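So this block is input-v6.cif, mmCIF, C-alpha atoms:
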```cif
data_start
loop_
_atom_site.label_atom_id
_atom_site.label_comp_id
_atom_site.auth_asym_id
_atom_site.auth_seq_id
_atom_site.Cartn_x
_atom_site.Cartn_y
_atom_site.Cartn_z
CA MET S 136 77.64 69.57 105.71
CA TYR S 137 80.92 67.79 106.30
CA THR S 138 82.78 71.11 106.78
CA MET S 139 80.58 71.50 109.89
CA VAL S 140 81.80 68.13 111.14
CA LEU S 141 85.40 69.27 110.57
CA SER S 142 84.69 72.48 112.48
CA ILE S 143 83.22 70.83 115.58
CA SER S 144 85.97 68.20 115.42
CA HIS S 145 88.54 70.98 115.77
CA ARG S 146 86.95 71.96 119.07
CA ILE S 147 86.55 68.39 120.29
CA THR S 148 90.16 67.45 119.51
CA GLY S 149 91.27 70.75 121.09
CA VAL S 150 89.50 69.90 124.35
CA LEU S 151 90.91 66.33 124.24
CA LEU S 152 94.43 67.74 123.77
CA SER S 153 93.83 70.13 126.69
CA LEU S 154 93.04 67.08 128.82
CA GLY S 155 96.15 65.45 127.34
CA SER S 156 98.24 68.35 128.67
CA ILE S 157 97.42 67.00 132.17
CA LEU S 158 99.08 63.71 131.16
CA LEU S 159 102.07 65.56 129.66
CA THR S 160 102.55 67.56 132.88
CA TYR S 161 102.18 64.41 135.00
CA TRP S 162 104.78 62.63 132.85
CA LEU S 163 107.27 65.54 133.17
CA PHE S 164 106.62 65.72 136.91
CA ALA S 165 107.23 62.00 137.29
CA VAL S 166 110.61 62.39 135.56
CA ALA S 167 111.47 65.25 137.94
CA LEU S 168 110.47 63.26 141.04
CA GLY S 169 112.75 60.33 140.26
CA PRO S 170 112.86 56.68 139.20
CA GLU S 171 110.16 55.39 141.61
CA ALA S 172 107.61 58.02 140.57
CA TYR S 173 108.47 57.40 136.92
CA ALA S 174 107.97 53.64 137.37
CA THR S 175 104.53 54.33 138.85
CA ALA S 176 103.67 56.61 135.92
CA GLN S 177 104.90 53.99 133.45
CA GLY S 178 102.70 51.42 135.12
CA LEU S 179 99.63 53.66 134.81
CA LEU S 180 100.43 54.70 131.26
CA SER S 181 100.99 51.17 129.96
CA SER S 182 97.49 49.80 130.62
CA GLY S 183 95.27 48.85 127.70
CA PHE S 184 93.04 51.84 128.38
CA ALA S 185 96.07 54.15 128.40
CA LYS S 186 97.08 52.82 124.97
CA LEU S 187 93.61 53.67 123.68
CA VAL S 188 93.97 57.18 125.16
CA TRP S 189 97.40 57.45 123.51
CA ALA S 190 95.96 56.53 120.10
CA GLY S 191 93.15 59.07 120.60
CA LEU S 192 95.62 61.80 121.51
CA VAL S 193 97.84 61.01 118.52
CA VAL S 194 94.89 61.29 116.11
CA SER S 195 93.65 64.44 117.89
CA PHE S 196 97.11 66.03 117.68
CA CYS S 197 97.48 65.27 113.96
CA TYR S 198 93.97 66.49 113.16
CA HIS S 199 94.20 69.67 115.26
CA LEU S 200 97.60 70.43 113.68
CA ALA S 201 96.42 69.91 110.09
CA ASN S 202 93.09 71.68 110.53
CA GLY S 203 94.77 74.41 112.61
CA LEU S 204 97.01 75.20 109.62
CA ARG S 205 93.84 75.39 107.50
CA HIS S 206 92.39 77.88 109.98
CA LEU S 207 95.57 79.97 109.94
CA ALA S 208 95.41 80.05 106.13
CA TRP S 209 91.80 81.27 106.39
CA ASP S 210 92.92 83.96 108.84
CA CYS S 211 95.37 85.12 106.18
CA GLY S 212 92.40 85.39 103.81
CA TRP S 213 93.29 82.33 101.74
CA GLY S 214 91.03 79.45 100.71
CA PHE S 215 87.66 80.93 101.65
CA GLU S 216 85.85 79.86 98.47
CA LYS S 217 83.39 77.03 99.08
CA ARG S 218 85.19 74.77 96.59
CA GLN S 219 88.59 75.52 98.17
CA ALA S 220 87.29 75.02 101.71
CA ARG S 221 85.83 71.62 100.76
CA ALA S 222 89.04 70.57 99.00
CA SER S 223 91.28 71.66 101.90
CA GLY S 224 88.92 69.80 104.23
CA TRP S 225 89.61 66.54 102.43
CA GLY S 226 93.30 67.45 102.51
CA VAL S 227 93.08 67.73 106.29
CA VAL S 228 91.43 64.29 106.53
CA ALA S 229 94.12 62.75 104.30
CA VAL S 230 97.00 64.41 106.19
CA THR S 231 95.47 63.33 109.53
CA VAL S 232 95.24 59.69 108.42
CA VAL S 233 98.81 59.60 107.07
CA LEU S 234 100.38 61.48 110.02
CA SER S 235 98.45 59.44 112.61
CA LEU S 236 99.46 56.12 111.05
CA ALA S 237 103.10 57.26 110.87
CA ALA S 238 103.10 58.47 114.49
CA LEU S 239 101.35 55.33 115.77
CA ALA S 240 103.80 53.14 113.84
CA ALA S 241 106.70 55.13 115.30
CA SER S 242 105.32 54.68 118.84
CA LEU S 243 104.78 50.91 118.53
CA HIS S 244 108.20 50.10 120.01
CA PHE S 245 107.27 52.11 123.15
CA LEU S 246 103.83 50.56 123.46
CA GLY S 247 105.20 47.04 123.07
CA ALA S 248 107.84 47.70 125.74
CA GLY S 249 105.13 48.60 128.23
CA ALA S 250 105.89 52.29 128.28
CA MET F 78 71.38 107.40 107.72
CA SER F 79 70.53 105.96 111.10
CA LEU F 80 68.62 107.93 113.67
CA ARG F 81 70.09 105.87 116.51
CA SER F 82 72.65 107.60 118.69
CA PRO F 83 76.23 106.28 118.70
CA LEU F 84 75.70 105.09 122.28
CA GLY F 85 72.50 103.29 121.32
CA ARG F 86 74.27 101.43 118.53
CA ALA F 87 77.18 100.36 120.78
CA LEU F 88 75.15 99.28 123.81
CA GLY F 89 74.81 95.54 124.15
CA ALA F 90 77.29 94.87 121.34
CA GLY F 91 79.96 93.69 123.76
CA SER F 92 83.39 94.96 124.67
CA ALA F 93 85.68 96.25 121.96
CA LYS F 94 88.73 96.12 124.19
CA SER F 95 89.86 92.58 124.90
CA GLY F 96 88.28 90.48 122.13
CA VAL F 97 90.90 91.28 119.50
CA GLY F 98 93.70 90.52 121.95
CA HIS F 99 92.20 87.12 122.69
CA TRP F 100 91.75 86.31 119.00
CA TRP F 101 95.27 87.46 118.10
CA THR F 102 96.97 85.64 121.00
CA GLN F 103 95.15 82.43 120.09
CA ARG F 104 96.55 82.67 116.52
CA ILE F 105 100.08 83.63 117.64
CA THR F 106 100.25 80.70 120.07
CA ALA F 107 98.77 78.42 117.37
CA ALA F 108 101.48 79.45 114.89
CA ALA F 109 104.20 78.94 117.53
CA LEU F 110 102.82 75.51 118.41
CA VAL F 111 103.23 74.25 114.83
CA PRO F 112 107.07 74.00 114.99
CA LEU F 113 107.13 73.37 118.78
CA GLY F 114 104.58 70.55 118.61
CA ILE F 115 106.19 68.87 115.60
CA TRP F 116 109.65 69.13 117.20
CA PHE F 117 108.47 67.68 120.52
CA ALA F 118 106.49 64.83 118.95
CA VAL F 119 109.28 63.85 116.54
CA SER F 120 111.90 64.06 119.33
CA VAL F 121 109.93 61.87 121.75
CA LEU F 122 109.17 59.31 119.03
CA SER F 123 112.87 59.31 118.03
CA LEU F 124 114.02 58.24 121.51
CA ASP F 125 115.23 54.64 121.59
CA ALA F 126 113.20 53.88 124.71
CA LEU F 127 111.01 55.76 127.17
CA ASP F 128 112.81 54.44 130.26
CA TYR F 129 113.64 56.87 133.08
CA ALA F 130 117.33 57.33 132.22
CA SER F 131 116.79 58.04 128.50
CA VAL F 132 113.91 60.47 129.06
CA ARG F 133 115.70 62.33 131.87
CA ALA F 134 118.96 62.60 129.90
CA TRP F 135 117.07 63.93 126.88
CA LEU F 136 115.05 66.50 128.87
CA ALA F 137 118.16 67.68 130.73
CA GLN F 138 119.91 68.79 127.52
CA PRO F 139 119.83 72.62 127.43
CA LEU F 140 118.10 72.91 124.05
CA THR F 141 115.50 70.31 125.02
CA THR F 142 114.80 72.11 128.30
CA VAL F 143 114.32 75.46 126.54
CA GLY F 144 112.16 73.91 123.81
CA ALA F 145 110.05 71.97 126.32
CA LEU F 146 109.58 75.09 128.49
CA LEU F 147 108.39 77.01 125.43
CA LEU F 148 106.11 74.13 124.45
CA VAL F 149 104.52 73.76 127.91
CA LEU F 150 103.89 77.50 128.30
CA THR F 151 102.61 78.05 124.75
CA LEU F 152 100.50 74.89 124.80
CA LEU F 153 98.78 75.77 128.08
CA TRP F 154 98.26 79.40 127.06
CA HIS F 155 96.66 78.27 123.77
CA SER F 156 94.65 75.60 125.59
CA SER F 157 93.38 78.09 128.16
CA LEU F 158 92.16 80.47 125.44
CA GLY F 159 90.56 77.64 123.45
CA VAL F 160 88.73 76.01 126.34
CA GLN F 161 87.53 79.47 127.40
CA VAL F 162 85.83 79.93 124.01
CA VAL F 163 84.25 76.47 124.20
CA ILE F 164 82.83 77.22 127.68
CA GLU F 165 81.58 80.64 126.60
CA ASP F 166 79.83 79.09 123.58
CA TYR F 167 78.24 76.05 125.18
CA VAL F 168 77.67 76.80 128.89
CA HIS F 169 74.63 79.04 129.08
CA HIS F 170 73.92 79.06 132.81
CA GLU F 171 75.63 82.25 133.98
CA GLY F 172 76.84 81.02 137.38
CA LEU F 173 78.10 77.74 135.97
CA LYS F 174 79.82 79.59 133.13
CA VAL F 175 81.74 81.99 135.41
CA THR F 176 82.65 79.19 137.84
CA SER F 177 83.96 76.90 135.11
CA LEU F 178 85.88 79.75 133.45
CA VAL F 179 87.65 80.52 136.72
CA LEU F 180 88.36 76.85 137.47
CA VAL F 181 89.73 76.27 133.95
CA LYS F 182 92.05 79.30 134.27
CA PHE F 183 93.29 78.08 137.66
CA ALA F 184 93.85 74.57 136.32
CA HIS F 185 95.92 75.89 133.42
CA VAL F 186 98.07 78.05 135.71
CA VAL F 187 98.62 75.09 138.04
CA LEU F 188 99.64 72.85 135.11
CA ALA F 189 101.96 75.53 133.70
CA VAL F 190 103.71 76.09 137.06
CA ALA F 191 103.99 72.34 137.65
CA GLY F 192 105.38 71.73 134.16
CA VAL F 193 107.94 74.55 134.41
CA TYR F 194 108.96 73.43 137.91
CA ALA F 195 109.44 69.84 136.73
CA LEU F 196 111.55 70.91 133.73
CA LEU F 197 113.76 73.16 135.89
CA ILE F 198 114.29 70.38 138.45
CA ILE F 199 115.28 68.04 135.61
CA ALA F 200 117.63 70.66 134.14
CA PHE F 201 119.36 71.72 137.36
CA ALA F 202 119.48 68.57 139.50
CA ALA F 203 122.71 66.63 139.15
CA PRO F 204 122.26 63.51 136.98
CA GLY F 205 121.38 60.54 139.13
CA ALA F 206 120.92 62.63 142.28
CA PRO F 207 117.66 62.18 144.18
CA ALA F 208 115.25 64.92 143.19
#
```
Any chance you could give the structure as structure tokens?
Amino acid sequence: MYTMVLSISHRITGVLLSLGSILLTYWLFAVALGPEAYATAQGLLSSGFAKLVWAGLVVSFCYHLANGLRHLAWDCGWGFEKRQARASGWGVVAVTVVLSLAALAASLHFLGAGA
Amino acid sequence: MSLRSPLGRALGAGSAKSGVGHWWTQRITAAALVPLGIWFAVSVLSLDALDYASVRAWLAQPLTTVGALLLVLTLLWHSSLGVQVVIEDYVHHEGLKVTSLVLVKFAHVVLAVAGVYALLIIAFAAPGAPA
């Protein structure tokens, strides 16, 4: 049952990260346009809602990365047994939690500075 | 032994031409995104601050520009293939499906061109000069 949740989560986080690529492109474009455009982008990206979006994207990135590696292992024919698939699923959850907390902790000094 | 003709068995089973290419490209871009994504995330989080000068100086370094170009192109290629599958699986109205597939492809191309353009401007404009 929970392997189904992991599977649909891979698609959901993938779509969220696709939407996040709009933000990435906007951020790069703002740098290219100059200091005024970058200040505007910083203003938009420092709102409370933007911080929530940031946290969501961090978790999505970590999950999609960890579970993506699991998928690539499957594509190589490894870990297909039900017991293995369930165990690697819990591994993905654990790695996601640890990576997300580390990344969020590492981004605190940006968030606090209003960027 | 089946009495169905080879044509009868193949009809309606879908194309055998482009599906493998899509599947393979999605995996190749996924594998490439593992090091690219980790590198980009760790690099951004390692910056002292995300102010304009620091970010611009970092992105203007040749290795950063090349890595970021690879990341943007691979990311959007992978994203385009992934969103395509999601639309094909969940949008059942034929007109809506085709329209959204085309719009999603266009959006990805626009983002890729914009991202590459931005990175090249950052790389080639003189530091501090108005873009």
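Note that the spacing between atom CA of Gly172 of chain F and atom CA of His99 of chain F amounts to 22.1 Å.
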Point to revise | Neighbour list for segment 224-232 of chain S as a count of residues only, cut-off 8 Å, all atoms listed in the file, skip fewer than 4 positions in-chain | key: 10
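With distances taken over all atoms listed in the file, S:Ile157 is the one residue among S:Ala222, S:Gln177, S:Leu152, S:Ile157 lying closest to Ala189 of chain F.
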Check your understanding: Could you list, as a PyMOL selection string, every residue of chain S that has an atom within 10 Å of an atom of chain F, counting all atoms listed in the file?
Key -> chain S and resi 146-147+149-150+152-154+156-174+177+193+196-197+200-201+203-204+206-207+210+238-246+248-250
Point to revise | Surrounding residues of Lys174 of chain F excluding itself and chain neighbours under 6 positions, 7 Å, all atoms listed in the file, as a list in words | key: Ile164, Glu165 and Val168 of chain F
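Atom CA of Phe117 of chain F sits 7.9 Å away from atom CA of Leu148 of chain F.
Atom CA of Thr148 of chain S is found 23.9 Å from atom CA of Gly212 of chain S.
Proximity of S:Gly191, S:Gly178, S:Gly214, S:Gly183 to Gly155 of chain S, computed with only C-alpha atoms, is greatest for S:Gly191.
Nearest to Gln103 of chain F of all the residues F:Val181, F:Leu84, F:Leu158, F:Val186 is F:Leu158, counting all atoms listed in the file.
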